[in-house]
file model18.txt (compact mmCIF, C-alpha atoms (C1' of nucleotides))
# COMPACT_ATOMS: atom_id res chain seq x y z
CA MET F 1 1.40 20.66 -0.55
CA ARG F 2 5.00 21.81 -0.43
CA LEU F 3 6.47 23.07 -3.66
CA THR F 4 9.71 21.16 -3.26
CA ARG F 5 12.72 21.44 -5.54
CA GLN F 6 11.63 18.22 -7.22
CA ARG F 7 8.13 19.52 -7.85
CA ARG F 8 9.44 22.86 -9.08
CA ILE F 9 11.68 21.13 -11.61
CA ILE F 10 8.89 18.81 -12.76
CA LEU F 11 6.60 21.81 -13.17
CA GLY F 12 9.27 23.80 -14.99
CA HIS F 13 10.09 20.94 -17.29
CA LEU F 14 6.44 20.37 -18.15
CA THR F 15 5.95 24.09 -18.76
CA GLY F 16 8.72 23.98 -21.32
CA LEU F 17 6.91 21.33 -23.37
CA LYS F 18 3.87 21.75 -25.56
CA THR F 19 3.56 18.02 -26.15
CA HIS F 20 1.31 17.06 -23.19
CA PRO F 21 3.57 14.16 -22.29
CA THR F 22 2.78 10.99 -20.36
CA ALA F 23 4.64 10.31 -17.11
CA ASP F 24 6.78 7.88 -19.02
CA GLU F 25 7.72 10.37 -21.70
CA LEU F 26 8.54 12.98 -19.07
CA TYR F 27 10.72 10.70 -17.00
CA PRO F 28 13.99 10.41 -19.00
CA GLY F 29 14.35 14.17 -19.48
CA LEU F 30 13.67 14.80 -15.82
CA LYS F 31 16.26 12.24 -14.74
CA GLU F 32 18.94 14.56 -16.12
CA SER F 33 18.06 17.28 -13.63
CA LEU F 34 16.91 14.86 -10.92
CA PRO F 35 19.03 11.71 -11.15
CA THR F 36 17.43 10.08 -8.10
CA LEU F 37 13.85 10.67 -9.21
CA SER F 38 11.76 7.52 -9.14
CA LEU F 39 8.87 6.91 -11.48
CA GLY F 40 6.59 6.39 -8.49
CA SER F 41 7.41 9.84 -7.14
CA LEU F 42 6.87 11.34 -10.56
CA TYR F 43 3.37 9.86 -10.64
CA ARG F 44 2.71 11.07 -7.10
CA ASN F 45 3.95 14.55 -7.87
CA LEU F 46 2.03 14.89 -11.12
CA GLU F 47 -1.03 13.82 -9.16
CA SER F 48 -0.36 16.38 -6.38
CA LEU F 49 0.31 19.20 -8.82
CA SER F 50 -2.88 18.47 -10.70
CA LYS F 51 -4.91 18.27 -7.48
CA GLU F 52 -3.61 21.74 -6.60
CA GLY F 53 -4.70 22.94 -10.02
CA MET F 54 -1.14 23.80 -11.04
CA ILE F 55 -1.18 21.41 -14.00
CA ALA F 56 -3.93 19.60 -15.90
CA LYS F 57 -4.29 15.85 -15.96
CA MET F 58 -5.72 14.52 -19.20
CA GLU F 59 -7.46 11.17 -19.08
CA GLY F 60 -9.00 9.16 -21.87
CA CYS F 61 -6.55 10.04 -24.63
CA GLY F 62 -5.05 6.59 -24.75
CA PRO F 63 -3.80 4.03 -22.26
CA SER F 64 -1.64 6.55 -20.38
CA LYS F 65 -2.61 9.80 -18.73
CA ARG F 66 -1.11 12.96 -20.18
CA PHE F 67 -0.17 16.17 -18.40
CA ASP F 68 -0.45 19.77 -19.48
CA ALA F 69 1.18 22.78 -17.84
CA CYS F 70 -1.52 24.99 -19.35
CA VAL F 71 -4.47 24.97 -17.01
CA LYS F 72 -6.89 27.26 -18.82
CA GLU F 73 -9.51 25.62 -21.04
CA HIS F 74 -8.45 24.90 -24.57
CA PHE F 75 -9.02 22.27 -27.23
CA HIS F 76 -6.75 19.36 -27.97
CA PHE F 77 -6.01 17.60 -31.18
CA GLN F 78 -4.92 13.98 -31.02
CA CYS F 79 -3.24 12.15 -33.85
CA LEU F 80 -5.03 8.92 -34.69
CA ASN F 81 -1.74 7.52 -36.00
CA CYS F 82 0.87 8.25 -33.33
CA GLY F 83 -1.30 9.35 -30.41
CA ALA F 84 0.49 12.69 -29.97
CA VAL F 85 -1.62 15.47 -28.51
CA SER F 86 -1.28 19.13 -29.43
CA ASP F 87 -3.33 22.25 -28.84
CA TYR F 88 -5.98 23.18 -31.35
CA ASP F 89 -7.39 26.60 -32.10
CA SER F 90 -9.15 28.31 -35.02
CA ALA F 91 -11.97 30.79 -35.59
CA ASP F 92 -14.37 27.90 -36.17
CA ALA F 93 -13.17 26.25 -32.99
CA ARG F 94 -13.86 29.40 -30.98
CA GLU F 95 -17.35 29.62 -32.44
CA PHE F 96 -17.80 25.99 -31.52
CA ARG F 97 -16.66 26.63 -27.97
CA ASP F 98 -19.25 29.42 -27.66
CA LEU F 99 -22.08 27.11 -28.69
CA ALA F 100 -20.77 24.45 -26.33
CA ASP F 101 -20.83 26.95 -23.46
CA LYS F 102 -24.41 27.86 -24.37
CA LEU F 103 -25.38 24.20 -24.39
CA VAL F 104 -23.87 23.65 -20.95
CA ALA F 105 -25.70 26.76 -19.65
CA SER F 106 -29.02 25.64 -21.16
CA ASP F 107 -29.21 22.23 -19.47
CA PRO F 108 -28.71 22.26 -15.70
CA SER F 109 -27.91 18.55 -15.63
CA ILE F 110 -24.78 19.15 -17.71
CA ARG F 111 -21.74 20.26 -15.77
CA SER F 112 -19.19 20.13 -18.55
CA LEU F 113 -18.50 18.99 -22.06
CA LYS F 114 -15.47 17.05 -23.15
CA ILE F 115 -14.47 17.88 -26.70
CA GLU F 116 -11.48 16.47 -28.52
CA PHE F 117 -10.37 16.83 -32.12
CA ARG F 118 -8.93 13.88 -33.97
CA GLY F 119 -7.03 13.54 -37.19
CA VAL F 120 -3.56 12.82 -38.52
CA CYS F 121 -0.76 15.14 -37.43
CA HIS F 122 1.65 16.80 -39.89
CA GLU F 123 4.55 14.52 -38.96
CA CYS F 124 2.52 11.37 -39.60
CA GLU F 125 1.08 12.83 -42.80
CA LYS F 126 4.64 13.33 -44.11
CA ARG F 127 5.73 9.89 -42.99
CA ILE F 128 2.71 8.28 -44.67
CA ASN F 129 3.33 10.17 -47.92
CA LYS F 130 6.98 9.14 -47.95
CA SER F 131 6.19 5.49 -47.37
CA SER F 132 3.62 5.47 -50.18
CA GLU F 133 6.21 7.14 -52.45
CA ASN F 134 8.65 4.38 -51.56
CA LYS F 135 6.08 1.73 -52.35
CA LEU F 136 5.59 3.29 -55.77
CA LYS F 137 9.35 3.25 -56.37
CA ASP F 138 9.53 -0.37 -55.27
CA LYS F 139 6.90 -1.25 -57.82
CA GLU F 140 8.76 0.60 -60.56
CA ASN F 141 12.00 -1.23 -59.72
CA LYS F 142 10.37 -4.62 -60.09
CA MET N 143 -15.30 -13.70 -38.16
CA ARG N 144 -17.79 -16.43 -37.30
CA LEU N 145 -20.89 -15.42 -35.40
CA THR N 146 -20.70 -18.28 -32.93
CA ARG N 147 -23.32 -19.11 -30.34
CA GLN N 148 -21.11 -17.42 -27.75
CA ARG N 149 -20.83 -14.25 -29.78
CA ARG N 150 -24.54 -14.23 -30.56
CA ILE N 151 -25.37 -14.43 -26.88
CA ILE N 152 -22.86 -11.72 -25.97
CA LEU N 153 -24.30 -9.51 -28.68
CA GLY N 154 -27.87 -10.24 -27.62
CA HIS N 155 -27.10 -9.58 -23.98
CA LEU N 156 -25.40 -6.28 -24.78
CA THR N 157 -28.30 -5.26 -27.02
CA GLY N 158 -30.64 -5.75 -24.09
CA LEU N 159 -28.74 -3.22 -21.99
CA LYS N 160 -28.68 0.54 -22.32
CA THR N 161 -25.96 0.90 -19.72
CA HIS N 162 -22.86 0.67 -21.94
CA PRO N 163 -21.24 -1.85 -19.60
CA THR N 164 -17.58 -2.69 -19.13
CA ALA N 165 -16.41 -6.25 -19.83
CA ASP N 166 -16.37 -6.81 -16.10
CA GLU N 167 -19.93 -5.63 -15.62
CA LEU N 168 -21.12 -7.78 -18.52
CA TYR N 169 -19.38 -10.93 -17.32
CA PRO N 170 -21.55 -12.15 -14.40
CA GLY N 171 -24.82 -11.86 -16.34
CA LEU N 172 -23.33 -13.67 -19.31
CA LYS N 173 -22.04 -16.51 -17.15
CA GLU N 174 -25.66 -17.51 -16.53
CA SER N 175 -26.21 -18.25 -20.22
CA LEU N 176 -22.61 -19.28 -20.88
CA PRO N 177 -21.26 -21.00 -17.75
CA THR N 178 -17.91 -21.84 -19.32
CA LEU N 179 -17.24 -18.34 -20.68
CA SER N 180 -13.84 -17.01 -19.69
CA LEU N 181 -13.13 -13.34 -19.18
CA GLY N 182 -10.35 -13.56 -21.74
CA SER N 183 -12.74 -14.82 -24.40
CA LEU N 184 -15.21 -12.10 -23.49
CA TYR N 185 -12.53 -9.48 -24.10
CA ARG N 186 -11.54 -11.16 -27.35
CA ASN N 187 -15.13 -11.37 -28.54
CA LEU N 188 -15.99 -7.81 -27.63
CA GLU N 189 -12.90 -6.80 -29.57
CA SER N 190 -13.88 -8.92 -32.60
CA LEU N 191 -17.46 -7.69 -32.60
CA SER N 192 -16.31 -4.08 -32.45
CA LYS N 193 -13.77 -4.63 -35.24
CA GLU N 194 -16.62 -5.95 -37.39
CA GLY N 195 -18.61 -2.84 -36.57
CA MET N 196 -21.33 -4.86 -34.84
CA ILE N 197 -20.85 -3.06 -31.52
CA ALA N 198 -19.09 0.12 -30.47
CA LYS N 199 -16.07 0.18 -28.20
CA MET N 200 -15.89 3.29 -26.00
CA GLU N 201 -12.49 4.30 -24.73
CA GLY N 202 -11.53 7.15 -22.46
CA CYS N 203 -14.58 7.10 -20.20
CA GLY N 204 -12.70 5.80 -17.19
CA PRO N 205 -10.16 3.07 -16.50
CA SER N 206 -12.20 0.40 -18.31
CA LYS N 207 -13.50 0.29 -21.83
CA ARG N 208 -17.25 0.29 -22.29
CA PHE N 209 -19.30 -1.35 -25.00
CA ASP N 210 -22.42 -0.21 -26.77
CA ALA N 211 -24.72 -2.31 -28.95
CA CYS N 212 -25.87 0.85 -30.69
CA VAL N 213 -23.44 1.59 -33.48
CA LYS N 214 -24.92 4.73 -34.99
CA GLU N 215 -23.47 8.04 -33.80
CA HIS N 216 -25.02 9.49 -30.69
CA PHE N 217 -23.96 11.47 -27.66
CA HIS N 218 -23.12 10.03 -24.28
CA PHE N 219 -23.57 11.44 -20.84
CA GLN N 220 -21.24 10.27 -18.11
CA CYS N 221 -21.94 10.72 -14.42
CA LEU N 222 -19.04 12.41 -12.67
CA ASN N 223 -20.07 10.69 -9.45
CA CYS N 224 -20.63 7.01 -10.32
CA GLY N 225 -19.12 6.83 -13.81
CA ALA N 226 -22.28 5.39 -15.39
CA VAL N 227 -22.76 6.23 -19.04
CA SER N 228 -26.11 6.82 -20.70
CA ASP N 229 -27.27 8.20 -24.01
CA TYR N 230 -27.93 11.90 -24.34
CA ASP N 231 -30.19 13.69 -26.76
CA SER N 232 -32.02 17.01 -26.94
CA ALA N 233 -32.86 19.67 -29.53
CA ASP N 234 -29.83 21.69 -28.41
CA ALA N 235 -27.66 18.60 -28.70
CA ARG N 236 -28.81 18.01 -32.27
CA GLU N 237 -28.03 21.61 -33.17
CA PHE N 238 -24.65 21.11 -31.57
CA ARG N 239 -24.04 17.98 -33.61
CA ASP N 240 -24.79 19.92 -36.80
CA LEU N 241 -22.20 22.56 -35.98
CA ALA N 242 -19.70 19.85 -35.07
CA ASP N 243 -20.24 18.21 -38.46
CA LYS N 244 -19.71 21.57 -40.16
CA LEU N 245 -16.49 22.09 -38.21
CA VAL N 246 -15.18 18.67 -39.24
CA ALA N 247 -16.07 19.42 -42.87
CA SER N 248 -14.40 22.84 -42.77
CA ASP N 249 -10.94 21.70 -41.64
CA PRO N 250 -9.45 18.86 -43.69
CA SER N 251 -6.96 17.99 -40.96
CA ILE N 252 -9.85 16.99 -38.66
CA ARG N 253 -11.19 13.49 -39.15
CA SER N 254 -13.55 13.35 -36.22
CA LEU N 255 -14.65 15.02 -33.04
CA LYS N 256 -15.10 13.33 -29.72
CA ILE N 257 -17.83 14.92 -27.66
CA GLU N 258 -18.99 13.75 -24.26
CA PHE N 259 -21.42 15.29 -21.80
CA ARG N 260 -20.67 15.20 -18.11
CA GLY N 261 -22.76 15.85 -15.06
CA VAL N 262 -24.43 14.03 -12.17
CA CYS N 263 -26.99 11.38 -13.04
CA HIS N 264 -30.47 11.26 -11.49
CA GLU N 265 -29.65 8.32 -9.23
CA CYS N 266 -26.62 10.07 -7.76
CA GLU N 267 -28.53 13.34 -7.44
CA LYS N 268 -31.13 11.54 -5.31
CA ARG N 269 -28.49 9.79 -3.24
CA ILE N 270 -26.65 13.04 -2.62
CA ASN N 271 -29.84 14.84 -1.58
CA LYS N 272 -30.75 12.04 0.82
CA SER N 273 -27.35 12.05 2.46
CA SER N 274 -27.42 15.82 2.94
CA GLU N 275 -30.92 15.47 4.46
CA ASN N 276 -29.52 12.91 6.85
CA LYS N 277 -26.68 15.20 7.81
CA LEU N 278 -29.20 17.93 8.61
CA LYS N 279 -31.18 15.52 10.79
CA ASP N 280 -28.00 14.46 12.57
CA LYS N 281 -27.26 18.08 13.39
CA GLU N 282 -30.80 18.62 14.71
CA ASN N 283 -30.50 15.58 16.95
CA LYS N 284 -27.33 16.86 18.57
C1' DA H 285 -6.88 -30.98 -42.90
C1' DT H 286 -7.03 -26.31 -42.15
C1' DT H 287 -8.90 -22.42 -40.12
C1' DG H 288 -10.82 -20.08 -36.54
C1' DG H 289 -12.71 -20.13 -31.47
C1' DT H 290 -12.24 -21.11 -26.57
C1' DG H 291 -10.45 -21.71 -21.66
C1' DC H 292 -6.85 -21.17 -18.79
C1' DA H 293 -2.94 -19.20 -16.88
C1' DA H 294 0.73 -16.22 -17.42
C1' DA H 295 2.33 -11.86 -19.03
C1' DT H 296 1.79 -6.96 -19.93
C1' DG H 297 1.38 -1.93 -19.30
C1' DC H 298 0.24 1.79 -16.56
C1' DT H 299 -0.42 3.31 -12.10
C1' DT H 300 -0.85 3.10 -7.06
C1' DT H 301 0.56 1.76 -2.44
C1' DG H 302 3.26 0.28 1.78
C1' DC H 303 6.99 1.00 4.11
C1' DA H 304 11.40 2.68 5.70
C1' DT H 305 14.30 6.66 5.33
C1' DA H 306 15.12 11.60 4.72
C1' DA H 307 13.96 16.45 4.59
C1' DA H 308 11.19 20.51 5.91
C1' DG H 309 8.54 23.11 8.89
C1' DC Z 310 9.27 16.49 16.84
C1' DT Z 311 5.62 16.10 13.72
C1' DT Z 312 4.43 16.35 9.15
C1' DT Z 313 5.30 15.77 4.46
C1' DA Z 314 8.22 13.90 0.64
C1' DT Z 315 10.98 10.42 -1.47
C1' DG Z 316 12.89 5.87 -3.31
C1' DC Z 317 12.20 1.31 -3.83
C1' DA Z 318 9.83 -2.75 -4.43
C1' DA Z 319 5.54 -4.92 -4.40
C1' DA Z 320 0.78 -4.89 -5.48
C1' DG Z 321 -3.22 -3.61 -8.36
C1' DC Z 322 -6.28 -3.44 -12.14
C1' DA Z 323 -7.76 -3.84 -16.89
C1' DT Z 324 -6.43 -6.06 -20.68
C1' DT Z 325 -3.73 -9.05 -23.86
C1' DT Z 326 -1.27 -13.11 -25.24
C1' DG Z 327 0.58 -17.98 -25.69
C1' DC Z 328 -0.69 -22.31 -25.87
C1' DA Z 329 -3.20 -26.60 -25.98
C1' DC Z 330 -7.51 -28.24 -27.15
C1' DC Z 331 -12.03 -28.04 -29.77
C1' DA Z 332 -15.36 -26.97 -33.38
C1' DA Z 333 -16.63 -25.82 -37.88
C1' DT Z 334 -15.81 -25.71 -42.66
call {"tool": "encode", "arguments": {"input": "model18.txt", "output": "structure tokens"}}
result
Amino acid sequence: MRLTRQRRIILGHLTGLKTHPTADELYPGLKESLPTLSLGSLYRNLESLSKEGMIAKMEGCGPSKRFDACVKEHFHFQCLNCGAVSDYDSADAREFRDLADKLVASDPSIRSLKIEFRGVCHECEKRINKSSENKLKDKENK
Amino acid sequence: MRLTRQRRIILGHLTGLKTHPTADELYPGLKESLPTLSLGSLYRNLESLSKEGMIAKMEGCGPSKRFDACVKEHFHFQCLNCGAVSDYDSADAREFRDLADKLVASDPSIRSLKIEFRGVCHECEKRINKSSENKLKDKENK
DNA sequence: ATTGGTGCAAATGCTTTGCATAAAG
DNA sequence: CTTTATGCAAAGCATTTGCACCAAT
């Protein structure tokens, strides 16, 4: 695979984000640096880059695939409300990872373990609190 | 939601399977008992049944959703080769589940944890061994 | 009579593919 | 000059939706 200008810019752009975007989310920002970029080529290039191990392709976190410039193993946290995916780490999580590794080592039929954390992200939490505040106010005004 | 004849048969059929089929895989077998069943209605009914908590909808295990008549929490094992999904249980797995529950309890921002085992299923293992045997024989014959 | 269920076909959303052109080695 | 990359439009696949008809309360 050739690391063309287009691919370098896609890679650079993705590296600058910690949001694990979908192809669709990535596209508008990329168009600024690459006005002729087509969505088809973006898909092809994300696929190529991930096949080369230069980026990670995340499947099964919603209808669309997400991409991550960070290739080394780490946990993800997905918001049940908005679908956004962020990295997750904590002492407990690291302990958990250790036990997971042990489990994989103990059973030869297991090659890997997919682990994903789910909850409500800070942004959605705020939004939800605000909207319930507003509902209270509405009631008071009636 | 009304538990119509159609839905009862879909539910019964799914209960008889331990393969966690996709809508597509379920369809042909169901057509025998329900000749007029449309794929659209199957999707709608699987959706309704899962919303009622009568079956489990599994997302993120490939391009198609899978459905499971067993609603109580349990681990799944997915074959990296053929995509088939089966249940997974072992003493180590139960220990793992306990730690996962602790982790969820310890961090209030976490609502749930998605855990999935991956490897190569027995059927594929056999198939792969056979085909490598054949390749050896081919070499000998040359 | 009103509500909910079904079949069918069309629409949707995300992604892939075919093909002609362009760039890189 | 052969291979690889790109843009565009069309196709693909899993799923959802609109609508007319039907069944059950």
call {"tool": "interface_residues", "arguments": {"input": "model18.txt", "of": "chain H", "to": "chain F", "cutoff": "10 Å", "atoms": "all atoms listed in the file", "output": "list in words"}}
result
DG297, DC298, DT299, DT300, DT301 and DA308 of chain H
call {"tool": "closest_atom_pairs", "arguments": {"input": "model18.txt", "of": "chain Z", "to": "chain N", "cutoff": "12 Å", "atoms": "only C-alpha atoms (C1' of nucleotides)", "output": "CSV"}}
result
residue,atom,partner,partner_atom,distance
Z:DC322,C1',N:Pro205,CA,8.7
Z:DA323,C1',N:Ser206,CA,6.3
Z:DT324,C1',N:Tyr185,CA,7.8
Z:DT325,C1',N:Gly182,CA,8.3
Z:DT326,C1',N:Gly182,CA,9.7
Z:DA332,C1',N:Thr146,CA,10.2
Z:DA333,C1',N:Arg144,CA,9.5
Z:DT334,C1',N:Arg144,CA,10.9
call {"tool": "write_last_selection", "arguments": {"input": "model18.txt", "atoms": "C-alpha atoms (C1' of nucleotides)", "output": "PDB file, in the coordinates of the input"}}
result
ATOM      1  C1'  DC Z 322      -6.280  -3.440 -12.140  1.00  0.00           C
ATOM      2  C1'  DA Z 323      -7.760  -3.840 -16.890  1.00  0.00           C
ATOM      3  C1'  DT Z 324      -6.430  -6.060 -20.680  1.00  0.00           C
ATOM      4  C1'  DT Z 325      -3.730  -9.050 -23.860  1.00  0.00           C
ATOM      5  C1'  DT Z 326      -1.270 -13.110 -25.240  1.00  0.00           C
ATOM      6  C1'  DA Z 332     -15.360 -26.970 -33.380  1.00  0.00           C
ATOM      7  C1'  DA Z 333     -16.630 -25.820 -37.880  1.00  0.00           C
ATOM      8  C1'  DT Z 334     -15.810 -25.710 -42.660  1.00  0.00           C
TER       9       DT Z 334
END
call {"tool": "interface_residues", "arguments": {"input": "model18.txt", "of": "chain N", "to": "chain F", "cutoff": "12 Å", "atoms": "only C-alpha atoms", "output": "PyMOL selection string"}}
result
chain N and resi 200-207+217-223+230-264+266-267
call {"tool": "calpha_fit_and_write", "arguments": {"input": "model18.txt", "fixed": "chain F", "moving": "chain N", "output": "JSON list (two decimals) with C-alpha atoms, keeping the file's coordinate frame"}}
result
[["chain", "number", "residue", "atom", "x", "y", "z"],
["N", 143, "MET", "CA", 1.24, 20.81, -0.57],
["N", 144, "ARG", "CA", 4.84, 21.97, -0.46],
["N", 145, "LEU", "CA", 6.39, 23.17, -3.69],
["N", 146, "THR", "CA", 9.61, 21.25, -3.24],
["N", 147, "ARG", "CA", 12.65, 21.51, -5.47],
["N", 148, "GLN", "CA", 11.56, 18.27, -7.13],
["N", 149, "ARG", "CA", 8.09, 19.58, -7.83],
["N", 150, "ARG", "CA", 9.41, 22.91, -9.07],
["N", 151, "ILE", "CA", 11.66, 21.15, -11.55],
["N", 152, "ILE", "CA", 8.88, 18.83, -12.71],
["N", 153, "LEU", "CA", 6.61, 21.82, -13.16],
["N", 154, "GLY", "CA", 9.29, 23.81, -14.97],
["N", 155, "HIS", "CA", 10.13, 20.92, -17.25],
["N", 156, "LEU", "CA", 6.48, 20.36, -18.13],
["N", 157, "THR", "CA", 6.00, 24.08, -18.77],
["N", 158, "GLY", "CA", 8.81, 23.94, -21.29],
["N", 159, "LEU", "CA", 6.99, 21.30, -23.34],
["N", 160, "LYS", "CA", 3.97, 21.72, -25.56],
["N", 161, "THR", "CA", 3.65, 17.99, -26.13],
["N", 162, "HIS", "CA", 1.37, 17.05, -23.21],
["N", 163, "PRO", "CA", 3.62, 14.14, -22.25],
["N", 164, "THR", "CA", 2.80, 11.00, -20.32],
["N", 165, "ALA", "CA", 4.63, 10.32, -17.04],
["N", 166, "ASP", "CA", 6.77, 7.85, -18.92],
["N", 167, "GLU", "CA", 7.73, 10.33, -21.61],
["N", 168, "LEU", "CA", 8.56, 12.96, -19.00],
["N", 169, "TYR", "CA", 10.70, 10.66, -16.88],
["N", 170, "PRO", "CA", 13.98, 10.34, -18.85],
["N", 171, "GLY", "CA", 14.36, 14.10, -19.36],
["N", 172, "LEU", "CA", 13.66, 14.77, -15.70],
["N", 173, "LYS", "CA", 16.23, 12.20, -14.57],
["N", 174, "GLU", "CA", 18.93, 14.49, -15.95],
["N", 175, "SER", "CA", 18.03, 17.24, -13.49],
["N", 176, "LEU", "CA", 16.85, 14.86, -10.77],
["N", 177, "PRO", "CA", 18.99, 11.70, -10.93],
["N", 178, "THR", "CA", 17.35, 10.11, -7.90],
["N", 179, "LEU", "CA", 13.76, 10.71, -9.05],
["N", 180, "SER", "CA", 11.66, 7.57, -8.96],
["N", 181, "LEU", "CA", 8.79, 6.94, -11.33],
["N", 182, "GLY", "CA", 6.49, 6.46, -8.36],
["N", 183, "SER", "CA", 7.30, 9.91, -7.02],
["N", 184, "LEU", "CA", 6.80, 11.38, -10.47],
["N", 185, "TYR", "CA", 3.30, 9.91, -10.58],
["N", 186, "ARG", "CA", 2.61, 11.14, -7.06],
["N", 187, "ASN", "CA", 3.87, 14.63, -7.84],
["N", 188, "LEU", "CA", 1.99, 14.93, -11.11],
["N", 189, "GLU", "CA", -1.10, 13.90, -9.17],
["N", 190, "SER", "CA", -0.45, 16.46, -6.40],
["N", 191, "LEU", "CA", 0.26, 19.26, -8.84],
["N", 192, "SER", "CA", -2.93, 18.53, -10.75],
["N", 193, "LYS", "CA", -4.98, 18.36, -7.54],
["N", 194, "GLU", "CA", -3.67, 21.83, -6.68],
["N", 195, "GLY", "CA", -4.72, 23.02, -10.11],
["N", 196, "MET", "CA", -1.14, 23.84, -11.09],
["N", 197, "ILE", "CA", -1.18, 21.45, -14.06],
["N", 198, "ALA", "CA", -3.91, 19.65, -15.96],
["N", 199, "LYS", "CA", -4.29, 15.89, -15.99],
["N", 200, "MET", "CA", -5.70, 14.54, -19.27],
["N", 201, "GLU", "CA", -7.44, 11.19, -19.14],
["N", 202, "GLY", "CA", -8.98, 9.19, -21.93],
["N", 203, "CYS", "CA", -6.49, 10.05, -24.66],
["N", 204, "GLY", "CA", -4.97, 6.59, -24.78],
["N", 205, "PRO", "CA", -3.75, 4.03, -22.26],
["N", 206, "SER", "CA", -1.63, 6.58, -20.36],
["N", 207, "LYS", "CA", -2.59, 9.83, -18.75],
["N", 208, "ARG", "CA", -1.08, 12.98, -20.19],
["N", 209, "PHE", "CA", -0.16, 16.18, -18.42],
["N", 210, "ASP", "CA", -0.41, 19.77, -19.51],
["N", 211, "ALA", "CA", 1.22, 22.79, -17.87],
["N", 212, "CYS", "CA", -1.45, 25.00, -19.40],
["N", 213, "VAL", "CA", -4.42, 25.00, -17.08],
["N", 214, "LYS", "CA", -6.82, 27.30, -18.88],
["N", 215, "GLU", "CA", -9.44, 25.65, -21.09],
["N", 216, "HIS", "CA", -8.38, 24.92, -24.63],
["N", 217, "PHE", "CA", -8.96, 22.29, -27.27],
["N", 218, "HIS", "CA", -6.68, 19.37, -28.00],
["N", 219, "PHE", "CA", -5.94, 17.59, -31.21],
["N", 220, "GLN", "CA", -4.86, 13.98, -31.04],
["N", 221, "CYS", "CA", -3.16, 12.16, -33.89],
["N", 222, "LEU", "CA", -4.96, 8.94, -34.72],
["N", 223, "ASN", "CA", -1.69, 7.53, -36.03],
["N", 224, "CYS", "CA", 0.95, 8.28, -33.36],
["N", 225, "GLY", "CA", -1.23, 9.37, -30.44],
["N", 226, "ALA", "CA", 0.58, 12.70, -29.99],
["N", 227, "VAL", "CA", -1.53, 15.47, -28.54],
["N", 228, "SER", "CA", -1.21, 19.13, -29.45],
["N", 229, "ASP", "CA", -3.26, 22.24, -28.87],
["N", 230, "TYR", "CA", -5.91, 23.20, -31.38],
["N", 231, "ASP", "CA", -7.36, 26.60, -32.11],
["N", 232, "SER", "CA", -9.11, 28.33, -35.00],
["N", 233, "ALA", "CA", -11.94, 30.81, -35.54],
["N", 234, "ASP", "CA", -14.34, 27.92, -36.15],
["N", 235, "ALA", "CA", -13.14, 26.25, -32.97],
["N", 236, "ARG", "CA", -13.82, 29.39, -30.95],
["N", 237, "GLU", "CA", -17.32, 29.61, -32.38],
["N", 238, "PHE", "CA", -17.75, 25.97, -31.48],
["N", 239, "ARG", "CA", -16.61, 26.62, -27.93],
["N", 240, "ASP", "CA", -19.22, 29.37, -27.60],
["N", 241, "LEU", "CA", -22.03, 27.05, -28.63],
["N", 242, "ALA", "CA", -20.70, 24.38, -26.28],
["N", 243, "ASP", "CA", -20.79, 26.87, -23.40],
["N", 244, "LYS", "CA", -24.36, 27.78, -24.31],
["N", 245, "LEU", "CA", -25.33, 24.11, -24.36],
["N", 246, "VAL", "CA", -23.82, 23.55, -20.91],
["N", 247, "ALA", "CA", -25.67, 26.62, -19.60],
["N", 248, "SER", "CA", -28.98, 25.51, -21.12],
["N", 249, "ASP", "CA", -29.18, 22.07, -19.49],
["N", 250, "PRO", "CA", -28.67, 22.07, -15.71],
["N", 251, "SER", "CA", -27.88, 18.35, -15.66],
["N", 252, "ILE", "CA", -24.73, 19.01, -17.73],
["N", 253, "ARG", "CA", -21.69, 20.11, -15.77],
["N", 254, "SER", "CA", -19.14, 20.01, -18.54],
["N", 255, "LEU", "CA", -18.42, 18.91, -22.06],
["N", 256, "LYS", "CA", -15.39, 17.00, -23.18],
["N", 257, "ILE", "CA", -14.38, 17.85, -26.71],
["N", 258, "GLU", "CA", -11.38, 16.46, -28.54],
["N", 259, "PHE", "CA", -10.29, 16.83, -32.15],
["N", 260, "ARG", "CA", -8.85, 13.87, -33.98],
["N", 261, "GLY", "CA", -6.96, 13.54, -37.21],
["N", 262, "VAL", "CA", -3.48, 12.83, -38.54],
["N", 263, "CYS", "CA", -0.70, 15.16, -37.47],
["N", 264, "HIS", "CA", 1.71, 16.80, -39.92],
["N", 265, "GLU", "CA", 4.61, 14.53, -39.00],
["N", 266, "CYS", "CA", 2.58, 11.39, -39.65],
["N", 267, "GLU", "CA", 1.13, 12.85, -42.84],
["N", 268, "LYS", "CA", 4.68, 13.34, -44.15],
["N", 269, "ARG", "CA", 5.75, 9.88, -43.06],
["N", 270, "ILE", "CA", 2.73, 8.29, -44.71],
["N", 271, "ASN", "CA", 3.32, 10.17, -47.97],
["N", 272, "LYS", "CA", 6.97, 9.13, -48.02],
["N", 273, "SER", "CA", 6.16, 5.48, -47.47],
["N", 274, "SER", "CA", 3.57, 5.47, -50.24],
["N", 275, "GLU", "CA", 6.15, 7.14, -52.54],
["N", 276, "ASN", "CA", 8.55, 4.36, -51.68],
["N", 277, "LYS", "CA", 5.96, 1.73, -52.45],
["N", 278, "LEU", "CA", 5.42, 3.31, -55.87],
["N", 279, "LYS", "CA", 9.17, 3.25, -56.53],
["N", 280, "ASP", "CA", 9.34, -0.39, -55.46],
["N", 281, "LYS", "CA", 6.64, -1.24, -57.98],
["N", 282, "GLU", "CA", 8.47, 0.64, -60.75],
["N", 283, "ASN", "CA", 11.68, -1.23, -59.99],
["N", 284, "LYS", "CA", 10.00, -4.61, -60.36]]
call {"tool": "atom_distance", "arguments": {"input": "model18.txt", "atom1": "atom CA of F:Leu14", "atom2": "atom CA of F:Thr36"}}
result
18.1 Å
call {"tool": "decode", "arguments": {"input": "model18.txt", "residues": "stretch 320-324 of chain Z", "atoms": "C-alpha atoms (C1' of nucleotides)", "output": "tab-separated table (two decimals), in the first residue's frame"}}
result
chain	number	residue	atom	x	y	z
Z	320	DA	C1'	-25.08	-1.89	-6.71
Z	321	DG	C1'	-25.42	-4.47	-2.32
Z	322	DC	C1'	-27.10	-5.98	1.98
Z	323	DA	C1'	-29.64	-5.75	6.28
Z	324	DT	C1'	-33.25	-3.45	7.97
